[in-house]
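Student: Below is start.cif; it holds mmCIF, C-alpha atoms.
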data_input
loop_
_atom_site.group_PDB
_atom_site.id
_atom_site.type_symbol
_atom_site.label_atom_id
_atom_site.label_comp_id
_atom_site.auth_asym_id
_atom_site.auth_seq_id
_atom_site.Cartn_x
_atom_site.Cartn_y
_atom_site.Cartn_z
ATOM 1 C CA GLY A 1216 91.818 55.242 54.901
ATOM 2 C CA ALA A 1217 91.337 58.668 53.374
ATOM 3 C CA GLY A 1218 92.504 61.600 55.430
ATOM 4 C CA VAL A 1219 91.320 65.193 55.489
ATOM 5 C CA SER A 1220 91.474 66.741 52.051
ATOM 6 C CA GLN A 1221 91.460 70.395 51.086
ATOM 7 C CA SER A 1222 91.071 72.192 47.803
ATOM 8 C CA PRO A 1223 92.537 74.009 46.095
ATOM 9 C CA SER A 1224 96.058 73.380 47.311
ATOM 10 C CA ASN A 1225 97.102 76.815 46.091
ATOM 11 C CA LYS A 1226 95.046 79.892 45.308
ATOM 12 C CA VAL A 1227 96.297 83.194 43.965
ATOM 13 C CA THR A 1228 93.782 86.015 43.842
ATOM 14 C CA GLU A 1229 93.640 89.737 43.438
ATOM 15 C CA LYS A 1230 92.878 92.083 46.276
ATOM 16 C CA GLY A 1231 89.141 92.646 46.605
ATOM 17 C CA LYS A 1232 88.057 89.317 45.117
ATOM 18 C CA ASP A 1233 86.154 86.644 47.039
ATOM 19 C CA VAL A 1234 87.597 83.162 47.560
ATOM 20 C CA GLU A 1235 86.161 79.847 48.707
ATOM 21 C CA LEU A 1236 88.265 77.155 50.339
ATOM 22 C CA ARG A 1237 86.956 73.631 50.711
ATOM 23 C CA CYS A 1238 87.540 70.971 53.342
ATOM 24 C CA ASP A 1239 86.495 67.322 53.223
ATOM 25 C CA PRO A 1240 86.861 65.830 56.708
ATOM 26 C CA ILE A 1241 87.420 62.204 57.555
ATOM 27 C CA SER A 1242 84.162 60.295 57.207
ATOM 28 C CA GLY A 1243 82.386 59.954 60.531
ATOM 29 C CA HIS A 1244 84.212 62.813 62.227
ATOM 30 C CA THR A 1245 81.684 65.114 63.813
ATOM 31 C CA ALA A 1246 84.077 67.918 64.739
ATOM 32 C CA LEU A 1247 85.709 70.187 62.164
ATOM 33 C CA TYR A 1248 88.130 73.065 62.701
ATOM 34 C CA TRP A 1249 89.619 75.796 60.529
ATOM 35 C CA TYR A 1250 92.973 77.378 61.347
ATOM 36 C CA ARG A 1251 95.113 80.019 59.665
ATOM 37 C CA GLN A 1252 98.908 79.892 59.543
ATOM 38 C CA ARG A 1253 100.666 83.091 58.608
ATOM 39 C CA LEU A 1254 104.291 82.976 57.548
ATOM 40 C CA GLY A 1255 106.563 82.416 60.550
ATOM 41 C CA GLN A 1256 103.687 82.116 62.978
ATOM 42 C CA GLY A 1257 101.770 79.350 64.675
ATOM 43 C CA LEU A 1258 98.284 78.314 63.755
ATOM 44 C CA GLU A 1259 95.419 80.608 64.700
ATOM 45 C CA PHE A 1260 92.032 79.097 65.462
ATOM 46 C CA LEU A 1261 89.276 80.423 63.206
ATOM 47 C CA ILE A 1262 86.090 78.392 63.614
ATOM 48 C CA TYR A 1263 84.804 75.097 65.037
ATOM 49 C CA PHE A 1264 81.845 72.944 64.023
ATOM 50 C CA GLN A 1265 80.529 70.102 66.190
ATOM 51 C CA GLY A 1266 77.608 68.083 64.942
ATOM 52 C CA ASN A 1267 74.430 70.136 64.753
ATOM 53 C CA SER A 1268 75.505 72.633 67.411
ATOM 54 C CA ALA A 1269 75.970 76.291 66.579
ATOM 55 C CA PRO A 1270 79.537 76.823 65.364
ATOM 56 C CA ASP A 1271 82.122 78.596 67.491
ATOM 57 C CA LYS A 1272 83.100 81.545 65.312
ATOM 58 C CA SER A 1273 85.135 83.334 67.964
ATOM 59 C CA GLY A 1274 88.377 83.129 65.983
ATOM 60 C CA LEU A 1275 87.162 84.701 62.745
ATOM 61 C CA PRO A 1276 89.226 87.891 62.311
ATOM 62 C CA SER A 1277 86.583 89.993 60.595
ATOM 63 C CA ASP A 1278 83.104 89.845 59.100
ATOM 64 C CA ARG A 1279 84.696 89.228 55.710
ATOM 65 C CA PHE A 1280 85.306 85.663 56.892
ATOM 66 C CA SER A 1281 82.528 83.090 57.052
ATOM 67 C CA ALA A 1282 82.248 79.324 57.015
ATOM 68 C CA GLU A 1283 79.573 76.748 56.494
ATOM 69 C CA ARG A 1284 79.349 73.049 57.010
ATOM 70 C CA THR A 1285 76.868 70.713 55.369
ATOM 71 C CA GLY A 1286 75.725 68.235 57.999
ATOM 72 C CA GLU A 1287 78.795 66.397 59.206
ATOM 73 C CA SER A 1288 80.644 66.538 55.925
ATOM 74 C CA VAL A 1289 82.100 69.200 53.669
ATOM 75 C CA SER A 1290 82.950 72.655 54.959
ATOM 76 C CA THR A 1291 83.609 75.830 52.997
ATOM 77 C CA LEU A 1292 85.538 78.833 54.289
ATOM 78 C CA THR A 1293 84.723 82.013 52.391
ATOM 79 C CA ILE A 1294 86.758 85.188 52.459
ATOM 80 C CA GLN A 1295 85.091 88.203 50.887
ATOM 81 C CA ARG A 1296 86.911 91.244 49.511
ATOM 82 C CA THR A 1297 90.297 89.669 50.161
ATOM 83 C CA GLN A 1298 93.132 91.788 51.525
ATOM 84 C CA GLN A 1299 96.864 91.200 51.332
ATOM 85 C CA GLU A 1300 96.974 90.392 55.037
ATOM 86 C CA ASP A 1301 94.710 87.419 54.329
ATOM 87 C CA SER A 1302 97.641 85.697 52.606
ATOM 88 C CA ALA A 1303 98.343 82.562 54.630
ATOM 89 C CA VAL A 1304 97.956 78.804 54.681
ATOM 90 C CA TYR A 1305 94.457 77.804 55.730
ATOM 91 C CA LEU A 1306 94.309 74.461 57.485
ATOM 92 C CA CYS A 1307 91.327 72.289 58.173
ATOM 93 C CA ALA A 1308 91.215 69.545 60.794
ATOM 94 C CA SER A 1309 88.633 67.023 61.904
ATOM 95 C CA SER A 1310 88.247 64.784 64.929
ATOM 96 C CA PRO A 1311 85.875 61.962 65.906
ATOM 97 C CA SER A 1312 84.107 64.320 68.308
ATOM 98 C CA GLY A 1313 84.814 67.582 70.045
ATOM 99 C CA GLY A 1314 87.015 67.919 73.094
ATOM 100 C CA PRO A 1315 90.746 68.081 73.749
ATOM 101 C CA HIS A 1316 91.159 64.360 74.282
ATOM 102 C CA ASN A 1317 90.362 63.734 70.632
ATOM 103 C CA GLU A 1318 93.225 63.968 68.173
ATOM 104 C CA GLN A 1319 92.713 66.523 65.434
ATOM 105 C CA PHE A 1320 93.643 65.219 62.003
ATOM 106 C CA PHE A 1321 94.890 67.939 59.699
ATOM 107 C CA GLY A 1322 94.606 68.369 55.974
ATOM 108 C CA PRO A 1323 97.515 69.591 53.818
ATOM 109 C CA GLY A 1324 96.187 73.135 53.732
ATOM 110 C CA THR A 1325 95.348 75.721 51.089
ATOM 111 C CA ARG A 1326 98.006 78.342 50.441
ATOM 112 C CA LEU A 1327 96.255 81.629 49.684
ATOM 113 C CA THR A 1328 98.175 84.480 48.101
ATOM 114 C CA VAL A 1329 96.450 87.839 47.700
ATOM 115 C CA LEU A 1330 98.194 90.141 45.250
ATOM 116 C CA ALA B 435 93.623 82.416 78.280
ATOM 117 C CA GLN B 436 96.407 80.150 77.195
ATOM 118 C CA SER B 437 99.515 80.676 75.118
ATOM 119 C CA VAL B 438 102.560 78.775 73.964
ATOM 120 C CA THR B 439 106.166 79.886 73.534
ATOM 121 C CA GLN B 440 108.612 77.812 71.568
ATOM 122 C CA LEU B 441 112.195 78.830 72.189
ATOM 123 C CA GLY B 442 114.201 78.858 68.993
ATOM 124 C CA SER B 443 112.650 79.072 65.559
ATOM 125 C CA HIS B 444 115.421 76.945 64.061
ATOM 126 C CA VAL B 445 117.412 74.060 65.510
ATOM 127 C CA SER B 446 120.227 72.269 63.710
ATOM 128 C CA VAL B 447 121.517 68.953 64.994
ATOM 129 C CA SER B 448 123.924 66.325 63.754
ATOM 130 C CA GLU B 449 122.617 62.918 62.843
ATOM 131 C CA GLY B 450 122.731 60.766 65.973
ATOM 132 C CA ALA B 451 122.720 63.732 68.349
ATOM 133 C CA LEU B 452 120.087 64.639 70.909
ATOM 134 C CA VAL B 453 117.110 66.624 69.700
ATOM 135 C CA LEU B 454 115.674 69.048 72.277
ATOM 136 C CA LEU B 455 112.821 71.381 71.396
ATOM 137 C CA ARG B 456 111.597 73.717 74.116
ATOM 138 C CA CYS B 457 108.003 74.624 74.815
ATOM 139 C CA ASN B 458 106.614 76.725 77.639
ATOM 140 C CA TYR B 459 102.949 77.378 78.138
ATOM 141 C CA SER B 460 100.646 79.528 80.155
ATOM 142 C CA SER B 461 97.195 78.335 81.087
ATOM 143 C CA SER B 462 94.712 79.444 83.687
ATOM 144 C CA VAL B 463 93.346 75.910 84.064
ATOM 145 C CA PRO B 464 94.947 72.440 83.827
ATOM 146 C CA PRO B 465 96.129 72.064 80.265
ATOM 147 C CA TYR B 466 96.266 69.393 77.669
ATOM 148 C CA LEU B 467 99.514 69.666 75.731
ATOM 149 C CA PHE B 468 100.454 68.437 72.284
ATOM 150 C CA TRP B 469 103.373 68.235 69.917
ATOM 151 C CA TYR B 470 102.646 68.146 66.192
ATOM 152 C CA VAL B 471 105.111 67.619 63.338
ATOM 153 C CA GLN B 472 104.781 68.957 59.816
ATOM 154 C CA TYR B 473 106.920 67.322 57.162
ATOM 155 C CA PRO B 474 107.516 69.239 53.933
ATOM 156 C CA ASN B 475 104.372 69.473 51.819
ATOM 157 C CA GLN B 476 102.326 67.479 54.303
ATOM 158 C CA GLY B 477 99.674 68.228 56.912
ATOM 159 C CA LEU B 478 100.332 68.366 60.640
ATOM 160 C CA GLN B 479 100.641 65.002 62.344
ATOM 161 C CA LEU B 480 100.268 64.356 66.065
ATOM 162 C CA LEU B 481 103.526 63.231 67.697
ATOM 163 C CA LEU B 482 102.285 62.919 71.265
ATOM 164 C CA LYS B 483 99.925 64.426 73.809
ATOM 165 C CA TYR B 484 99.684 64.978 77.561
ATOM 166 C CA THR B 485 96.217 64.647 79.048
ATOM 167 C CA SER B 486 96.900 64.618 82.817
ATOM 168 C CA ALA B 487 97.997 61.001 83.104
ATOM 169 C CA ALA B 488 101.723 60.154 83.148
ATOM 170 C CA THR B 489 103.954 63.216 83.027
ATOM 171 C CA LEU B 490 106.439 61.509 80.700
ATOM 172 C CA VAL B 491 104.730 60.934 77.399
ATOM 173 C CA LYS B 492 106.088 58.743 74.645
ATOM 174 C CA GLY B 493 105.135 59.409 71.068
ATOM 175 C CA ILE B 494 105.828 58.145 67.606
ATOM 176 C CA ASN B 495 109.240 57.946 65.945
ATOM 177 C CA GLY B 496 111.142 57.776 69.241
ATOM 178 C CA PHE B 497 110.060 61.183 70.535
ATOM 179 C CA GLU B 498 109.020 61.837 74.103
ATOM 180 C CA ALA B 499 108.067 64.860 76.175
ATOM 181 C CA GLU B 500 107.866 65.574 79.869
ATOM 182 C CA PHE B 501 105.211 67.737 81.483
ATOM 183 C CA LYS B 502 106.700 69.835 84.280
ATOM 184 C CA LYS B 503 104.021 71.832 86.013
ATOM 185 C CA SER B 504 106.493 73.747 88.222
ATOM 186 C CA GLU B 505 108.314 74.976 85.129
ATOM 187 C CA THR B 506 105.195 75.234 82.912
ATOM 188 C CA SER B 507 107.157 73.338 80.295
ATOM 189 C CA PHE B 508 106.583 70.497 77.864
ATOM 190 C CA HIS B 509 109.912 70.017 76.104
ATOM 191 C CA LEU B 510 110.242 67.485 73.300
ATOM 192 C CA THR B 511 113.269 65.201 73.060
ATOM 193 C CA LYS B 512 114.664 62.422 70.952
ATOM 194 C CA PRO B 513 117.938 60.753 71.984
ATOM 195 C CA SER B 514 119.317 60.244 68.495
ATOM 196 C CA ALA B 515 118.339 62.362 65.504
ATOM 197 C CA HIS B 516 117.687 60.798 62.138
ATOM 198 C CA MET B 517 117.717 62.524 58.782
ATOM 199 C CA SER B 518 113.992 61.831 58.498
ATOM 200 C CA ASP B 519 113.357 64.018 61.567
ATOM 201 C CA ALA B 520 113.908 67.166 59.507
ATOM 202 C CA ALA B 521 110.574 68.959 59.759
ATOM 203 C CA GLU B 522 108.742 71.742 61.553
ATOM 204 C CA TYR B 523 107.514 71.023 65.062
ATOM 205 C CA PHE B 524 104.639 72.760 66.800
ATOM 206 C CA CYS B 525 103.719 72.743 70.469
ATOM 207 C CA ALA B 526 100.051 73.338 71.277
ATOM 208 C CA VAL B 527 97.909 73.730 74.387
ATOM 209 C CA THR B 528 94.228 73.669 75.192
ATOM 210 C CA PRO B 529 92.455 73.833 78.545
ATOM 211 C CA PHE B 530 91.143 70.468 79.723
ATOM 212 C CA ASN B 531 87.578 71.670 79.199
ATOM 213 C CA ASP B 532 88.056 73.209 75.749
ATOM 214 C CA TYR B 533 88.778 72.163 72.196
ATOM 215 C CA LYS B 534 90.546 75.161 70.650
ATOM 216 C CA LEU B 535 94.258 74.568 70.272
ATOM 217 C CA SER B 536 96.686 77.445 70.790
ATOM 218 C CA PHE B 537 99.879 76.834 68.859
ATOM 219 C CA GLY B 538 103.426 78.035 69.235
ATOM 220 C CA ALA B 539 105.194 79.611 66.278
ATOM 221 C CA GLY B 540 107.002 76.395 65.441
ATOM 222 C CA THR B 541 110.599 75.176 65.406
ATOM 223 C CA THR B 542 112.236 74.031 62.195
ATOM 224 C CA VAL B 543 114.665 71.163 62.684
ATOM 225 C CA THR B 544 117.453 70.454 60.237
ATOM 226 C CA VAL B 545 119.621 67.363 60.581
ATOM 227 C CA ARG B 546 123.236 67.428 59.406
ATOM 228 C CA ALA B 547 124.850 64.279 58.063
#
In structure tokens, write the structure found in this file.
Tutor:
Amino acid sequence: GAGVSQSPSNKVTEKGKDVELRCDPISGHTALYWYRQRLGQGLEFLIYFQGNSAPDKSGLPSDRFSAERTGESVSTLTIQRTQQEDSAVYLCASSPSGGPHNEQFFGPGTRLTVL
Amino acid sequence: AQSVTQLGSHVSVSEGALVLLRCNYSSSVPPYLFWYVQYPNQGLQLLLKYTSAATLVKGINGFEAEFKKSETSFHLTKPSAHMSDAAEYFCAVTPFNDYKLSFGAGTTVTVRA
């Protein structure tokens, strides 16, 4: 079946511009996660959505970052006024429900480069 | 809080040799532990996970890992490396009552013919 998809696969932008990254989770998965992977580092948790509950935004690095999710489907991560330190691979994952016992299925990521 | 340390950012092994990737964690509560693999140009894929059942966990592609509480370790091994094992490997931890994964920095494995 179809896995998690993300678009675009690559995004190059100029400092100060806004960008939107999209994630399509696996159909039926109620939990959705965003992570950031900087060069040479592990993944950093950004935000978590579970069903209709309020999202866990504790990992968002600044108020320039925001994310939305429409029901239990598509999610968009928005970065406003991008900075060079925002350059990273942004990964989305989904799982059948929340909780550590559920495997997270990852998308291929969006590579963001801020010039 | 929990964290993960992967010893060695790069590991090079000969085809047929043992693969050993080291992972140590810190967690204030009983952890769930994971190993993920990322092949070139692909998303992360779960290799195996420890969720407080058997301490020796077998995963896909011949990999296994052993949870050692006394050493706070969860090292990944494969007896005989194959060329297709060349990839980046990530160890991750989450408390048993949480969902946020904390990842190590990753170990890149290259396999020599």
Student: Identify all residues satisfying the PyMOL selection byres ((chain A) within 12 of (chain B)) in the given file; provide them as a ChimeraX atom specification.
Tutor: /A:1218-1221,1224-1225,1246-1265,1271-1274,1304-1310,1312-1326
Student: Using all atoms listed in the file, which of the listed residues (A:Pro1276, A:Gly1231, A:Pro1240, A:Gly1266) sits closest to Ala1217 in chain A?
Tutor: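 So, comparing all the options, the nearest one is A:Pro1240.
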Student: Please compute the CA of Asp1233 in chain A-CA of Ala1269 in chain A distance, one decimal, in Å.
Tutor: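 Distance reported for this atom pair: 24.3 Å.
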Student: In terms of the shortest atom-to-atom distance over all atoms listed in the file, which of B:Val445, B:Leu454, B:Thr544, B:Ala488 is closest to Lys512 in chain B?
Tutor: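 For Lys512 in chain B, the nearest of the candidates is B:Leu454.
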Student: A:Ser1222, A:Thr1228, A:Val1289, A:Val1329: which is nearest Ala1303 in chain A, counting only C-alpha atoms?
Tutor: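 Looking only at the distances to Ala1303 in chain A, the closest residue turns out to be A:Val1329.
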Student: Here's a test: counting all atoms listed in the file, identify every protein, DNA and RNA residue with an atom at most 12 Å from (123.2, 67.8, 67.4) in the file's coordinate frame, and state them as a list in words.
Tutor: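 Residues close enough to count: Val445, Ser446, Val447, Ser448, Glu449, Gly450, Ala451, Leu452, Val453, Leu454, Leu455, Thr511, Lys512, Pro513, Ser514, Ala515, His516, Met517, Val543, Thr544, Val545, Arg546 and Ala547 of chain B.
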Student: Using Å and a single decimal, report how far CA of Gly442 in chain B sits from CA of Phe501 in chain B.
Tutor: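 Taking CA of Phe501 in chain B and CA of Gly442 in chain B, their separation equals 19.0 Å.
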Student: Run through the PyMOL selection byres ((chain A and resi 1243) around 8) on the given coordinates and return the selected residues as a ChimeraX atom specification.
Tutor: /A:1241-1242,1244-1245,1287,1311
Student: Could the centre and edge lengths of an axis-aligned box, enclosing all atoms of range 1253-1262 of chain A in the file with 3 Å extra on each side, be given in Å to one decimal as AutoDock Vina command-line options?
Tutor:
--center_x 96.3 --center_y 80.7 --center_z 61.5 --size_x 26.5 --size_y 10.8 --size_z 13.9
Student: Hey, can you check how far CA of Ser437 in chain B sits from CA of Glu498 in chain B?
Tutor: 21.1 Å
Student: The PyMOL selection byres ((chain A and resi 1291) around 6) on the file shown: which residues, as JSON, numbers by chain?
Tutor: {"A": [1236, 1237, 1282, 1283, 1290, 1292]}
